[in-house]
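*Asks:* What follows is the file input_21.cif, containing mmCIF, C-alpha atoms:
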```cif
data_data
loop_
_atom_site.group_PDB
_atom_site.id
_atom_site.type_symbol
_atom_site.label_atom_id
_atom_site.label_comp_id
_atom_site.auth_asym_id
_atom_site.auth_seq_id
_atom_site.Cartn_x
_atom_site.Cartn_y
_atom_site.Cartn_z
ATOM 1 C CA MET A 1 -16.793 -85.963 -44.278
ATOM 2 C CA ALA A 2 -19.529 -84.330 -42.233
ATOM 3 C CA ASP A 3 -22.035 -82.134 -43.898
ATOM 4 C CA PRO A 4 -21.808 -78.597 -42.482
ATOM 5 C CA ASN A 5 -25.546 -78.171 -43.088
ATOM 6 C CA ASN A 6 -26.314 -81.198 -40.954
ATOM 7 C CA ASN A 7 -28.091 -80.293 -37.689
ATOM 8 C CA ASP A 8 -26.244 -83.016 -35.781
ATOM 9 C CA PHE A 9 -22.971 -81.455 -36.768
ATOM 10 C CA LEU A 10 -24.138 -77.991 -35.637
ATOM 11 C CA ASP A 11 -25.454 -79.482 -32.397
ATOM 12 C CA ASP A 12 -22.081 -81.129 -31.771
ATOM 13 C CA ILE A 13 -20.279 -77.837 -32.298
ATOM 14 C CA ALA A 14 -22.761 -76.026 -30.047
ATOM 15 C CA ASN A 15 -22.387 -78.713 -27.371
ATOM 16 C CA ALA A 16 -18.590 -78.549 -27.617
ATOM 17 C CA GLU A 17 -18.675 -74.779 -27.305
ATOM 18 C CA ALA A 18 -21.102 -75.032 -24.366
ATOM 19 C CA GLU A 19 -18.831 -77.559 -22.661
ATOM 20 C CA GLU A 20 -15.842 -75.364 -23.295
ATOM 21 C CA MET A 21 -17.690 -72.346 -21.892
ATOM 22 C CA ALA A 22 -18.759 -74.379 -18.841
ATOM 23 C CA VAL A 23 -15.161 -75.418 -18.232
ATOM 24 C CA GLU A 24 -14.053 -71.794 -18.628
ATOM 25 C CA ALA A 25 -16.824 -70.634 -16.262
ATOM 26 C CA GLU A 26 -15.772 -73.275 -13.754
ATOM 27 C CA GLU A 27 -12.156 -72.173 -14.072
ATOM 28 C CA ILE A 28 -13.232 -68.540 -13.606
ATOM 29 C CA ASP A 29 -15.242 -69.551 -10.499
ATOM 30 C CA ASP A 30 -12.181 -71.413 -9.166
ATOM 31 C CA ILE A 31 -9.998 -68.367 -9.844
ATOM 32 C CA SER A 32 -12.590 -66.062 -8.217
ATOM 33 C CA ILE A 33 -12.703 -68.264 -5.133
ATOM 34 C CA HIS A 34 -8.926 -68.356 -5.029
ATOM 35 C CA VAL A 35 -8.738 -64.548 -5.403
ATOM 36 C CA GLU A 36 -11.283 -64.121 -2.588
ATOM 37 C CA LYS A 37 -9.212 -66.397 -0.357
ATOM 38 C CA VAL A 38 -6.031 -64.486 -1.180
ATOM 39 C CA VAL A 39 -7.758 -61.140 -0.517
ATOM 40 C CA ALA A 40 -9.121 -62.419 2.825
ATOM 41 C CA GLU A 41 -5.678 -63.700 3.791
ATOM 42 C CA ARG A 42 -4.115 -60.368 2.780
ATOM 43 C CA ASP A 43 -6.680 -58.485 4.901
ATOM 44 C CA GLU A 44 -5.973 -60.754 7.877
ATOM 45 C CA TYR A 45 -2.211 -60.173 7.569
ATOM 46 C CA LYS A 46 -2.769 -56.434 7.189
ATOM 47 C CA ASP A 47 -4.919 -56.423 10.354
ATOM 48 C CA ARG A 48 -2.268 -58.412 12.239
ATOM 49 C CA PHE A 49 0.436 -56.051 11.024
ATOM 50 C CA MET A 50 -1.518 -52.973 12.103
ATOM 51 C CA ARG A 51 -2.173 -54.487 15.545
ATOM 52 C CA ALA A 52 1.497 -55.435 15.934
ATOM 53 C CA LEU A 53 2.499 -51.924 14.910
ATOM 54 C CA ALA A 54 0.095 -50.429 17.471
ATOM 55 C CA ASP A 55 1.373 -52.815 20.163
ATOM 56 C CA ALA A 56 4.963 -51.839 19.391
ATOM 57 C CA GLU A 57 4.095 -48.140 19.594
ATOM 58 C CA ASN A 58 2.259 -48.669 22.905
ATOM 59 C CA ALA A 59 5.222 -50.619 24.279
ATOM 60 C CA ARG A 60 7.580 -47.830 23.220
ATOM 61 C CA LYS A 61 5.402 -45.191 24.910
ATOM 62 C CA ARG A 62 5.050 -47.310 28.057
ATOM 63 C CA ALA A 63 8.820 -47.872 28.220
ATOM 64 C CA ASP A 64 9.437 -44.154 27.733
ATOM 65 C CA LYS A 65 6.976 -43.327 30.526
ATOM 66 C CA ASP A 66 8.555 -45.949 32.809
ATOM 67 C CA ARG A 67 12.007 -44.536 32.074
ATOM 68 C CA ARG A 68 10.886 -40.978 32.896
ATOM 69 C CA GLU A 69 9.212 -42.130 36.103
ATOM 70 C CA ALA A 70 12.288 -44.125 37.138
ATOM 71 C CA GLN A 71 14.429 -41.081 36.473
ATOM 72 C CA MET A 72 12.136 -38.801 38.488
ATOM 73 C CA TYR A 73 11.093 -41.124 41.311
ATOM 74 C CA GLY A 74 13.967 -43.605 41.434
ATOM 75 C CA GLY A 75 15.465 -41.808 44.439
ATOM 76 C CA THR A 76 12.319 -42.141 46.544
ATOM 77 C CA ARG A 77 13.773 -44.709 48.925
ATOM 78 C CA ILE A 78 16.995 -42.835 49.587
ATOM 79 C CA ALA A 79 15.101 -39.556 49.964
ATOM 80 C CA ARG A 80 12.814 -41.171 52.569
ATOM 81 C CA ASP A 81 15.867 -42.569 54.346
ATOM 82 C CA LEU A 82 17.433 -39.080 54.506
ATOM 83 C CA LEU A 83 14.383 -37.426 56.102
ATOM 84 C CA PRO A 84 15.361 -38.572 59.636
ATOM 85 C CA VAL A 85 18.793 -37.010 59.034
ATOM 86 C CA TYR A 86 17.039 -33.702 58.306
ATOM 87 C CA ASP A 87 14.932 -34.084 61.466
ATOM 88 C CA ASN A 88 17.983 -34.894 63.597
ATOM 89 C CA LEU A 89 19.914 -31.896 62.273
ATOM 90 C CA ASN A 90 16.969 -29.646 63.159
ATOM 91 C CA ARG A 91 16.807 -31.174 66.656
ATOM 92 C CA ALA A 92 20.552 -30.642 67.073
ATOM 93 C CA LEU A 93 20.131 -26.971 66.129
ATOM 94 C CA ALA A 94 17.264 -26.556 68.578
ATOM 95 C CA ALA A 95 19.209 -28.247 71.388
ATOM 96 C CA ALA A 96 22.373 -26.252 70.652
ATOM 97 C CA SER A 97 20.398 -22.991 70.616
ATOM 98 C CA GLU A 98 18.987 -23.770 74.063
ATOM 99 C CA ALA A 99 22.402 -24.608 75.511
ATOM 100 C CA GLU A 100 24.125 -21.639 73.872
ATOM 101 C CA GLY A 101 27.576 -21.427 75.260
ATOM 102 C CA GLU A 102 30.837 -19.927 74.170
ATOM 103 C CA GLY A 103 32.113 -22.988 72.314
ATOM 104 C CA SER A 104 28.806 -23.962 70.716
ATOM 105 C CA ASN A 105 28.803 -21.239 68.012
ATOM 106 C CA ALA A 106 31.131 -23.236 65.762
ATOM 107 C CA LEU A 107 29.049 -26.364 66.297
ATOM 108 C CA ILE A 108 25.801 -24.541 65.506
ATOM 109 C CA GLU A 109 27.327 -23.019 62.370
ATOM 110 C CA GLY A 110 28.568 -26.442 61.218
ATOM 111 C CA VAL A 111 25.152 -28.043 61.743
ATOM 112 C CA GLN A 112 23.454 -25.129 59.940
ATOM 113 C CA LEU A 113 25.788 -25.504 56.968
ATOM 114 C CA THR A 114 25.207 -29.270 56.887
ATOM 115 C CA LEU A 115 21.435 -28.742 56.983
ATOM 116 C CA LYS A 116 21.679 -26.126 54.225
ATOM 117 C CA GLU A 117 23.710 -28.527 52.049
ATOM 118 C CA LEU A 118 21.173 -31.296 52.651
ATOM 119 C CA MET A 119 18.369 -28.958 51.558
ATOM 120 C CA ASN A 120 20.361 -28.054 48.414
ATOM 121 C CA VAL A 121 20.727 -31.750 47.572
ATOM 122 C CA PHE A 122 16.992 -32.245 48.170
ATOM 123 C CA GLU A 123 16.197 -29.308 45.890
ATOM 124 C CA ARG A 124 18.417 -30.607 43.082
ATOM 125 C CA HIS A 125 16.546 -33.904 43.176
ATOM 126 C CA GLY A 126 13.014 -32.494 43.370
ATOM 127 C CA VAL A 127 12.415 -32.951 47.106
ATOM 128 C CA LYS A 128 10.434 -30.027 48.560
ATOM 129 C CA ARG A 129 9.325 -29.316 52.108
ATOM 130 C CA VAL A 130 5.653 -29.202 53.047
ATOM 131 C CA THR A 131 5.598 -26.607 55.809
ATOM 132 C CA PRO A 132 2.106 -25.881 57.091
ATOM 133 C CA GLU A 133 1.587 -22.948 59.432
ATOM 134 C CA VAL A 134 -0.582 -22.762 62.527
ATOM 135 C CA GLY A 135 -4.000 -21.602 61.365
ATOM 136 C CA ASP A 136 -3.819 -23.268 57.920
ATOM 137 C CA ARG A 137 -6.536 -25.717 56.931
ATOM 138 C CA PHE A 138 -5.836 -29.418 57.371
ATOM 139 C CA ASP A 139 -5.278 -31.128 53.984
ATOM 140 C CA PRO A 140 -5.284 -34.942 54.196
ATOM 141 C CA LYS A 141 -3.286 -35.077 50.947
ATOM 142 C CA GLU A 142 -0.321 -33.336 52.590
ATOM 143 C CA HIS A 143 -0.879 -33.585 56.350
ATOM 144 C CA GLU A 144 -1.203 -36.337 58.912
ATOM 145 C CA ALA A 145 -3.284 -35.507 62.003
ATOM 146 C CA MET A 146 -1.347 -36.627 65.075
ATOM 147 C CA PHE A 147 -3.994 -35.434 67.525
ATOM 148 C CA GLU A 148 -7.205 -33.462 67.670
ATOM 149 C CA ALA A 149 -8.073 -30.938 70.396
ATOM 150 C CA PRO A 150 -10.746 -28.287 70.906
ATOM 151 C CA VAL A 151 -9.074 -24.875 70.891
ATOM 152 C CA PRO A 152 -11.158 -21.726 71.435
ATOM 153 C CA GLY A 153 -10.962 -19.211 68.616
ATOM 154 C CA THR A 154 -10.360 -21.833 65.907
ATOM 155 C CA ARG A 155 -12.557 -23.696 63.494
ATOM 156 C CA ALA A 156 -12.699 -27.451 63.143
ATOM 157 C CA GLY A 157 -9.959 -28.559 60.742
ATOM 158 C CA ASP A 158 -7.528 -25.717 61.489
ATOM 159 C CA ILE A 159 -3.928 -26.682 62.195
ATOM 160 C CA ILE A 160 -3.060 -25.811 65.806
ATOM 161 C CA GLN A 161 0.452 -27.309 66.000
ATOM 162 C CA VAL A 162 3.108 -28.546 63.561
ATOM 163 C CA SER A 163 5.057 -31.532 64.929
ATOM 164 C CA ALA A 164 7.128 -32.363 61.820
ATOM 165 C CA GLU A 165 7.465 -30.976 58.311
ATOM 166 C CA GLY A 166 6.363 -33.077 55.365
ATOM 167 C CA PHE A 167 8.174 -33.660 52.092
ATOM 168 C CA MET A 168 7.179 -34.085 48.446
ATOM 169 C CA LEU A 169 9.195 -35.660 45.629
ATOM 170 C CA TYR A 170 7.978 -33.676 42.626
ATOM 171 C CA ASP A 171 4.240 -34.375 42.836
ATOM 172 C CA ARG A 172 4.394 -37.424 45.130
ATOM 173 C CA LEU A 173 4.172 -37.290 48.895
ATOM 174 C CA LEU A 174 7.244 -38.735 50.618
ATOM 175 C CA ARG A 175 6.126 -37.976 54.140
ATOM 176 C CA PRO A 176 3.058 -36.032 55.286
ATOM 177 C CA ALA A 177 3.516 -33.098 57.632
ATOM 178 C CA GLN A 178 2.571 -34.183 61.126
ATOM 179 C CA VAL A 179 0.135 -31.712 62.665
ATOM 180 C CA GLY A 180 -2.324 -31.211 65.485
ATOM 181 C CA VAL A 181 -5.817 -30.287 64.336
ATOM 182 C CA SER A 182 -8.546 -28.336 66.028
ATOM 183 C CA SER A 183 -11.798 -30.145 66.656
ATOM 184 C CA THR A 184 -15.042 -28.255 67.057
ATOM 185 C CA PRO A 185 -14.421 -25.946 70.038
ATOM 186 C CA ALA A 186 -16.320 -26.853 73.179
#
```
As C-alpha cells, please, write out the structure in this file.
*Replies:*
Amino acid sequence: MADPNNNDFLDDIANAEAEEMAVEAEEIDDISIHVEKVVAERDEYKDRFMRALADAENARKRADKDRREAQMYGGTRIARDLLPVYDNLNRALAAASEAEGEGSNALIEGVQLTLKELMNVFERHGVKRVTPEVGDRFDPKEHEAMFEAPVPGTRAGDIIQVSAEGFMLYDRLLRPAQVGVSSTPA
C-alpha cells in the first residue's frame, strides 16, 4: 500500500486533481462557447422576428392605404368619361335658350333636371367643379391656359375668359378649367 506521507503519492493526487480541474475547465469553456453560440442564434432569430413583424405591419398599412385610395379614386375613369356628358348638357341648355320657342320649355326643363341629377351623382362621389371667374388669378394647379392675350385694365396672369369648367375628385384634378389668360398689356 502507498504511504500517504510519500511525496510521490501527494504529487500523483495533485496531478490527478489538476487534470480533473483542467478537464472541468475545458468542459466549462465548451459550455461557455456553446452558450454564446445559442445566445447569438437567439439574437439573430429575435432580430429576424422583429423585422418580419415590422414588414407585416408595413404591408398591412400599405394595403389599408391602397384600399382607401381605391375606394376614393377608383371611379376616376368613369368620372372623366362623364365630363363630356356634363359639357354636352350645358351646350344643349345654351342652344335651347337661344332658340327659345313655345315647345322648347319642356325640353329645357328636362335637360336642366338631367344636369342637376348628374351634379348630384358627382357630389355623392366627391367630384367638384372648379369654376374660375373672369378676373381671378391663373393657377396652374387648377387651370389650363388655352390662349394668352393682352387686355387693357388687367394684370398679367388674370383670367380673361373661361372656356370650360374644371373638375376635382376629392383632392385630385380630373380636368383643369380651360381659361384665357391676360398677358402683360401692351
*Asks:* Given only C-alpha atoms as the basis, pick out the residue of A:Ala14, A:Leu169, A:Val151, A:Ala25 nearest to A:Phe122.
*Replies:* A:Leu169
*Asks:* For a quick check of understanding, using all atoms listed in the file, which of A:Ala59, A:Val23, A:Leu174, A:Leu53 has the smallest distance to A:Ile78?
*Replies:*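 Counting all atoms listed in the file, the residue closest to A:Ile78 is A:Leu174.
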*Asks:* Under the rule that all atoms listed in the file are counted, which of A:Met72, A:Ala156, A:Leu83, A:Ala149 is the nearest residue to A:His125?
*Replies:* A:Met72
*Asks:* Which residue is closest to A:Glu144? Choose from A:Pro176, A:Pro132, A:Gly126, A:Pro84 and count all atoms listed in the file.
*Replies:*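 Looking at the shortest contact to A:Glu144, the residue is A:Pro176.
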*Asks:* What's the 9 Å shell around stretch 139-143 of chain A, counting all atoms listed in the file, without same-chain residues fewer than 4 positions away, as a list in words?
*Replies:*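 The filter keeps Val130, Pro132, Gly157, Glu165, Gly166, Phe167, Met168, Leu173, Arg175, Pro176, Ala177, Gln178 and Val179 of chain A.
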*Asks:* Export C-alpha atoms of the chosen residues as a PDB file, in the coordinates of the input?
*Replies:*
```
ATOM      1  CA  VAL A 130       5.653 -29.202  53.047  1.00  0.00           C
ATOM      2  CA  PRO A 132       2.106 -25.881  57.091  1.00  0.00           C
ATOM      3  CA  GLY A 157      -9.959 -28.559  60.742  1.00  0.00           C
ATOM      4  CA  GLU A 165       7.465 -30.976  58.311  1.00  0.00           C
ATOM      5  CA  GLY A 166       6.363 -33.077  55.365  1.00  0.00           C
ATOM      6  CA  PHE A 167       8.174 -33.660  52.092  1.00  0.00           C
ATOM      7  CA  MET A 168       7.179 -34.085  48.446  1.00  0.00           C
ATOM      8  CA  LEU A 173       4.172 -37.290  48.895  1.00  0.00           C
ATOM      9  CA  ARG A 175       6.126 -37.976  54.140  1.00  0.00           C
ATOM     10  CA  PRO A 176       3.058 -36.032  55.286  1.00  0.00           C
ATOM     11  CA  ALA A 177       3.516 -33.098  57.632  1.00  0.00           C
ATOM     12  CA  GLN A 178       2.571 -34.183  61.126  1.00  0.00           C
ATOM     13  CA  VAL A 179       0.135 -31.712  62.665  1.00  0.00           C
TER      14      VAL A 179
END
```
*Asks:* Using Å and a single decimal, report how far atom CA of A:Arg67 sits from atom CA of A:Asp55.
*Replies:*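 Between atom CA of A:Asp55 and atom CA of A:Arg67 the gap works out to 18.0 Å.
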*Asks:* Residues within 8 Å of A:Ile108, please, as a ChimeraX atom specification. Count all atoms listed in the file; anything in the same chain fewer than 5 positions from it doesn't count.
*Replies:* /A:93,96-97
*Asks:* Report the residues retrieved by the PyMOL selection byres ((chain A and resi 162) around 7) from the displayed file, expressed as a ChimeraX atom specification.
*Replies:* /A:134,161,163-164,178-180
*Asks:* Take the PyMOL selection byres ((chain A and resi 114) around 12), run it mentally on this structure, and tell me the resulting residues as a list of chain:residue names.
*Replies:*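 Taken over the shown coordinates, the PyMOL selection byres ((chain A and resi 114) around 12) returns A:Val85, A:Tyr86, A:Asn88, A:Leu89, A:Asn90, A:Ala92, A:Leu93, A:Leu107, A:Ile108, A:Glu109, A:Gly110, A:Val111, A:Gln112, A:Leu113, A:Leu115, A:Lys116, A:Glu117, A:Leu118, A:Met119, A:Asn120, A:Val121.
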*Asks:* Atoms to include: C-alpha atoms. Write the selected residues as a PDB file, in the coordinates of the input.
*Replies:*
```pdb
ATOM      1  CA  VAL A  85      18.793 -37.010  59.034  1.00  0.00           C
ATOM      2  CA  TYR A  86      17.039 -33.702  58.306  1.00  0.00           C
ATOM      3  CA  ASN A  88      17.983 -34.894  63.597  1.00  0.00           C
ATOM      4  CA  LEU A  89      19.914 -31.896  62.273  1.00  0.00           C
ATOM      5  CA  ASN A  90      16.969 -29.646  63.159  1.00  0.00           C
ATOM      6  CA  ALA A  92      20.552 -30.642  67.073  1.00  0.00           C
ATOM      7  CA  LEU A  93      20.131 -26.971  66.129  1.00  0.00           C
ATOM      8  CA  LEU A 107      29.049 -26.364  66.297  1.00  0.00           C
ATOM      9  CA  ILE A 108      25.801 -24.541  65.506  1.00  0.00           C
ATOM     10  CA  GLU A 109      27.327 -23.019  62.370  1.00  0.00           C
ATOM     11  CA  GLY A 110      28.568 -26.442  61.218  1.00  0.00           C
ATOM     12  CA  VAL A 111      25.152 -28.043  61.743  1.00  0.00           C
ATOM     13  CA  GLN A 112      23.454 -25.129  59.940  1.00  0.00           C
ATOM     14  CA  LEU A 113      25.788 -25.504  56.968  1.00  0.00           C
ATOM     15  CA  LEU A 115      21.435 -28.742  56.983  1.00  0.00           C
ATOM     16  CA  LYS A 116      21.679 -26.126  54.225  1.00  0.00           C
ATOM     17  CA  GLU A 117      23.710 -28.527  52.049  1.00  0.00           C
ATOM     18  CA  LEU A 118      21.173 -31.296  52.651  1.00  0.00           C
ATOM     19  CA  MET A 119      18.369 -28.958  51.558  1.00  0.00           C
ATOM     20  CA  ASN A 120      20.361 -28.054  48.414  1.00  0.00           C
ATOM     21  CA  VAL A 121      20.727 -31.750  47.572  1.00  0.00           C
TER      22      VAL A 121
END
```
*Asks:* Could you jot down the atom CA of A:Val38 to atom CA of A:Met21 separation for me, Å, one decimal place?
*Replies:*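 Going from atom CA of A:Val38 over to atom CA of A:Met21 covers 25.0 Å.
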*Asks:* For stretch 8-23 of chain A, I'd like the enclosing box, axis-aligned and padded by 4 Å on every side, reported as JSON with centre and edge lengths in Å to one decimal.
*Replies:*
```
{"center_x": -20.7, "center_y": -77.7, "center_z": -27.5, "size_x": 19.1, "size_y": 18.7, "size_z": 26.5}
```
*Asks:* Using atom CA of A:Ile31 and atom CA of A:Phe49 as the two end points, give the distance in Å to one decimal.
*Replies:*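 Computing the Euclidean distance for atom CA of A:Ile31 and atom CA of A:Phe49 yields 26.4 Å.
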*Asks:* Please list as a count of residues only every residue within 12 Å of A:Tyr170, counting all atoms listed in the file and excluding residues in the same chain fewer than 5 positions away.
*Replies:* 17
*Asks:* Counting all atoms listed in the file, figure out which residue out of A:Glu133, A:Arg77, A:Val181, A:Arg172 gets nearest to A:Glu148.
*Replies:* A:Val181
*Asks:* Within 9 Å of A:Arg155, counting only C-alpha atoms, which residues qualify if same-chain residues fewer than 2 places away don't, as a list of chain:residue names?
*Replies:*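 The filter keeps A:Pro150, A:Val151, A:Pro152, A:Gly153, A:Gly157, A:Asp158, A:Ser182, A:Ser183, A:Thr184, A:Pro185.
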